[in-house]
>>> print(open('entry25.tsv').read())   # TSV, C-alpha atoms
chain	number	residue	atom	x	y	z
A	1	ALA	CA	-2.13	-11.67	17.43
A	2	TRP	CA	-3.05	-10.48	13.93
A	3	ARG	CA	-2.11	-13.84	12.46
A	4	ALA	CA	-4.36	-15.74	14.87
A	5	GLY	CA	-7.31	-13.39	14.29
A	6	SER	CA	-7.08	-13.33	10.50
A	7	THR	CA	-6.53	-16.97	9.51
A	8	ARG	CA	-8.82	-17.05	6.45
A	9	MET	CA	-7.62	-13.71	5.10
A	10	LEU	CA	-4.00	-14.70	5.63
A	11	ARG	CA	-4.50	-18.09	3.94
A	12	MET	CA	-6.07	-16.39	0.90
A	13	TYR	CA	-3.22	-13.86	0.74
A	14	LEU	CA	-0.58	-16.60	0.96
A	15	GLU	CA	-2.25	-18.66	-1.78
A	16	GLN	CA	-2.70	-15.69	-4.13
A	17	ASN	CA	0.93	-14.73	-3.73
A	18	ARG	CA	2.35	-18.25	-3.82
A	19	LEU	CA	3.86	-17.94	-0.35
A	20	SER	CA	4.47	-20.75	2.14
A	21	SER	CA	2.06	-21.23	5.04
A	22	ASN	CA	4.74	-20.19	7.55
A	23	TYR	CA	5.54	-16.93	5.73
A	24	ILE	CA	6.20	-13.98	8.06
A	25	PRO	CA	6.24	-10.61	6.25
A	26	SER	CA	9.49	-8.65	6.16
A	27	ALA	CA	11.08	-6.12	3.86
A	28	SER	CA	13.72	-8.58	2.68
A	29	LYS	CA	11.10	-11.24	1.88
A	30	PHE	CA	9.05	-8.60	0.06
A	31	GLY	CA	12.15	-7.62	-1.93
A	32	ALA	CA	12.83	-11.22	-2.93
A	33	ALA	CA	9.19	-11.82	-3.91
A	34	TYR	CA	9.09	-8.49	-5.80
A	35	ARG	CA	12.20	-9.38	-7.80
A	36	ARG	CA	10.74	-12.84	-8.60
A	37	LEU	CA	7.53	-11.18	-9.79
A	38	LEU	CA	9.45	-8.72	-11.95
A	39	ALA	CA	11.50	-11.56	-13.45
A	40	GLU	CA	8.24	-13.10	-14.71
A	41	VAL	CA	7.14	-9.90	-16.45
A	42	PRO	CA	8.06	-10.13	-20.15
A	43	ALA	CA	8.07	-6.35	-20.70
A	44	ARG	CA	11.08	-4.41	-21.94
A	45	ARG	CA	10.16	-1.44	-19.67
A	46	ILE	CA	8.54	-1.58	-16.23
A	47	VAL	CA	7.62	1.33	-13.97
A	48	ALA	CA	8.32	0.54	-10.32
A	49	THR	CA	6.59	3.00	-8.05
A	50	SER	CA	7.26	3.53	-4.37
A	51	LEU	CA	4.46	2.56	-1.99
A	52	PRO	CA	2.24	5.15	-0.32
A	53	PRO	CA	2.18	5.38	3.47
A	54	ILE	CA	-0.02	3.00	5.45
A	55	GLY	CA	-2.28	4.94	7.77
A	56	GLU	CA	-0.90	8.23	6.43
A	57	ALA	CA	1.69	8.42	9.20
A	58	SER	CA	5.00	10.06	8.40
A	59	THR	CA	6.62	8.55	11.52
A	60	GLY	CA	6.23	5.39	13.55
A	61	ILE	CA	6.26	1.65	12.87
A	62	ALA	CA	4.06	1.75	9.73
A	63	ALA	CA	6.16	4.55	8.21
A	64	ASP	CA	9.38	2.67	9.00
A	65	ILE	CA	8.03	-0.49	7.38
A	66	ILE	CA	6.97	1.34	4.21
A	67	SER	CA	10.40	3.01	4.05
A	68	GLU	CA	12.06	-0.42	4.24
A	69	TYR	CA	9.77	-1.80	1.51
A	70	ASN	CA	10.44	1.26	-0.67
A	71	ALA	CA	14.18	0.69	-0.21
A	72	GLU	CA	13.64	-2.84	-1.58
A	73	ILE	CA	11.83	-1.39	-4.60
A	74	ARG	CA	14.70	1.05	-5.24
A	75	ALA	CA	17.20	-1.83	-4.88
A	76	ALA	CA	15.25	-3.84	-7.47
A	77	VAL	CA	15.41	-0.87	-9.83
A	78	GLU	CA	19.19	-0.80	-9.43
A	79	LEU	CA	19.42	-4.51	-10.33
A	80	ASP	CA	17.10	-4.55	-13.35
A	81	ARG	CA	17.78	-2.14	-16.22
A	82	ARG	CA	14.21	-2.56	-17.49
A	83	LEU	CA	12.88	-0.76	-14.42
A	84	VAL	CA	12.16	2.94	-14.14
A	85	TYR	CA	11.59	4.27	-10.62
A	86	ALA	CA	8.50	6.45	-10.04
A	87	PRO	CA	8.77	8.30	-6.70
A	88	PHE	CA	5.11	8.21	-5.62
A	89	PHE	CA	5.75	8.17	-1.86
A	90	GLU	CA	8.19	11.02	-2.22
A	91	ALA	CA	5.69	13.08	-4.26
A	92	LEU	CA	3.21	12.93	-1.37
A	93	HIS	CA	5.47	15.02	0.87
A	94	PRO	CA	4.62	17.38	2.35
A	95	TRP	CA	1.04	16.09	2.55
A	96	PRO	CA	-1.04	17.75	5.27
A	97	THR	CA	-2.30	14.56	6.94
A	98	LEU	CA	1.14	12.98	6.76
A	99	GLN	CA	2.37	15.76	8.99
A	100	ARG	CA	-0.27	15.24	11.68
A	101	GLY	CA	-0.67	11.49	11.42
A	102	GLY	CA	-3.92	11.20	9.43
A	103	GLY	CA	-6.11	9.92	12.24
A	104	ALA	CA	-5.52	6.65	14.08
A	105	LEU	CA	-2.23	5.00	13.20
A	106	PHE	CA	-2.20	1.68	11.37
A	107	ASP	CA	-0.35	-0.58	13.81
A	108	GLY	CA	-1.00	-4.00	12.24
A	109	SER	CA	-2.93	-5.30	15.24
A	110	ALA	CA	-5.98	-7.55	14.81
A	111	LYS	CA	-8.25	-4.65	15.86
A	112	CYS	CA	-6.58	-2.25	13.43
A	113	PHE	CA	-6.75	-4.79	10.60
A	114	SER	CA	-10.44	-5.44	11.35
A	115	ASN	CA	-11.10	-1.68	11.28
A	116	PHE	CA	-9.29	-1.44	7.95
A	117	VAL	CA	-11.41	-4.24	6.43
A	118	ARG	CA	-14.56	-2.58	7.81
A	119	ASP	CA	-13.60	0.84	6.41
A	120	MET	CA	-12.62	-0.64	3.06
A	121	THR	CA	-15.93	-2.48	2.74
A	122	LEU	CA	-18.06	0.46	3.86
A	123	ASN	CA	-16.14	2.86	1.63
A	124	MET	CA	-16.57	0.66	-1.43
A	125	ALA	CA	-20.34	0.62	-0.82
A	126	ALA	CA	-20.48	4.38	-0.11
A	127	ARG	CA	-18.41	5.12	-3.22
A	128	ALA	CA	-21.11	3.48	-5.35
A	129	LEU	CA	-23.72	5.96	-4.10
A	130	PRO	CA	-24.43	9.15	-6.07
A	131	PHE	CA	-21.78	11.76	-5.31
A	132	GLY	CA	-19.67	9.14	-3.53
A	133	SER	CA	-16.01	10.01	-3.30
A	134	PHE	CA	-13.00	8.38	-1.68
A	135	ASP	CA	-11.67	11.90	-1.07
A	136	ARG	CA	-14.80	12.79	0.94
A	137	LEU	CA	-14.71	9.50	2.85
A	138	ALA	CA	-11.05	10.08	3.70
A	139	ARG	CA	-11.68	13.65	4.88
A	140	GLN	CA	-14.39	12.35	7.25
A	141	ARG	CA	-11.67	10.29	8.95
A	142	GLY	CA	-8.98	12.98	8.91
A	143	ARG	CA	-7.13	11.52	5.91
A	144	SER	CA	-6.34	12.59	2.36
A	145	VAL	CA	-3.92	10.03	0.89
A	146	THR	CA	-5.90	6.88	1.68
A	147	HIS	CA	-9.60	6.43	2.39
A	148	ASP	CA	-9.14	3.32	4.56
A	149	GLN	CA	-5.46	3.65	5.58
A	150	VAL	CA	-4.31	1.56	2.60
A	151	HIS	CA	-6.20	2.30	-0.65
A	152	LEU	CA	-5.77	5.60	-2.50
A	153	THR	CA	-8.18	8.49	-2.69
A	154	GLU	CA	-8.90	10.18	-6.01
A	155	ALA	CA	-6.52	13.02	-5.09
A	156	SER	CA	-3.60	10.73	-4.27
A	157	ALA	CA	-4.34	8.65	-7.39
A	158	ALA	CA	-4.07	11.90	-9.38
A	159	THR	CA	-0.67	12.48	-7.75
A	160	LEU	CA	0.37	8.98	-8.84
A	161	VAL	CA	-0.75	9.74	-12.41
A	162	ASP	CA	1.31	12.95	-12.35
A	163	VAL	CA	4.36	11.02	-11.11
A	164	LEU	CA	3.94	8.41	-13.85
A	165	ALA	CA	3.44	11.08	-16.52
A	166	GLY	CA	6.37	13.14	-15.25
>>> encode(input="entry25.tsv", output="structure tokens")
Amino acid sequence: AWRAGSTRMLRMYLEQNRLSSNYIPSASKFGAAYRRLLAEVPARRIVATSLPPIGEASTGIAADIISEYNAEIRAAVELDRRLVYAPFFEALHPWPTLQRGGGALFDGSAKCFSNFVRDMTLNMAARALPFGSFDRLARQRGRSVTHDQVHLTEASAATLVDVLAG
């Protein structure tokens, strides 16, 4: 359903990431693409950070998917000695909204994806206003890690900085 309702967005994503038109997301395909991307990076040291939760849920389909993707990141770290693992996802626990679900769950449906795009767009505009804050926008929706179920708030970005500095 999501695929049919998001044709243009999906096409753009596939082109930007050099993926075939029949690509269906999965943790193993993410892992393969991630390792290919890392192989192209000419750095001697690379920090690989775990992904934050989608929708701020600590349980459910979105949480399971992020756990699978994070396992692929950890596996890539084991295979490439240039990589240093930064446990961002792990540093978010216990996070208050993660415990209670952080509002409506991100289920990947066309409606949920449309709501995400709407929130992302509105939040970017609101953030540009005086005293705009992703933290405030997230709190208005019962969240604290992400303002639109995907992108970080200032507080969670600060946690990421702490993890990277640590």
>>> residues_around(input="entry25.tsv", residues="A:Ser28", least_positions_apart="3", cutoff="12 Å", atoms="only C-alpha atoms", output="VMD selection string")
chain A and resid 24 to 25 31 to 35 65 68 to 73 75 to 76
>>> closest_residue(input="entry25.tsv", among="A:Ile66, A:Pro52, A:Asn115, A:Glu154", to="A:Ser133", atoms="only C-alpha atoms")
A:Glu154
>>> residues_near_point(input="entry25.tsv", point="(14.9, 0.3, -12.8)", cutoff="9 Å", atoms="all atoms listed in the file", output="JSON, numbers by chain")
{"A": [45, 46, 47, 48, 73, 74, 75, 76, 77, 78, 79, 80, 81, 82, 83, 84, 85]}
>>> write_last_selection(input="entry25.tsv", atoms="C-alpha atoms", output="compact mmCIF listing (two decimals), keeping the file's coordinate frame")
# COMPACT_ATOMS: atom_id res chain seq x y z
CA ARG A 45 10.16 -1.44 -19.67
CA ILE A 46 8.54 -1.58 -16.23
CA VAL A 47 7.62 1.33 -13.97
CA ALA A 48 8.32 0.54 -10.32
CA ILE A 73 11.83 -1.39 -4.60
CA ARG A 74 14.70 1.05 -5.24
CA ALA A 75 17.20 -1.83 -4.88
CA ALA A 76 15.25 -3.84 -7.47
CA VAL A 77 15.41 -0.87 -9.83
CA GLU A 78 19.19 -0.80 -9.43
CA LEU A 79 19.42 -4.51 -10.33
CA ASP A 80 17.10 -4.55 -13.35
CA ARG A 81 17.78 -2.14 -16.22
CA ARG A 82 14.21 -2.56 -17.49
CA LEU A 83 12.88 -0.76 -14.42
CA VAL A 84 12.16 2.94 -14.14
CA TYR A 85 11.59 4.27 -10.62
>>> atom_distance(input="entry25.tsv", atom1="atom CA of A:Met124", atom2="atom CA of A:Gln140")
14.7 Å
>>> atom_distance(input="entry25.tsv", atom1="atom CA of A:Ser26", atom2="atom CA of A:Ser114")
20.8 Å
>>> atom_distance(input="entry25.tsv", atom1="atom CA of A:Ala86", atom2="atom CA of A:Val41")
17.6 Å
>>> residues_near_point(input="entry25.tsv", point="(-6.4, 1.9, 2.0)", cutoff="12 Å", atoms="all atoms listed in the file", output="VMD selection string")
chain A and resid 51 to 56 106 113 115 to 124 134 to 135 137 to 138 143 to 154 156 to 157
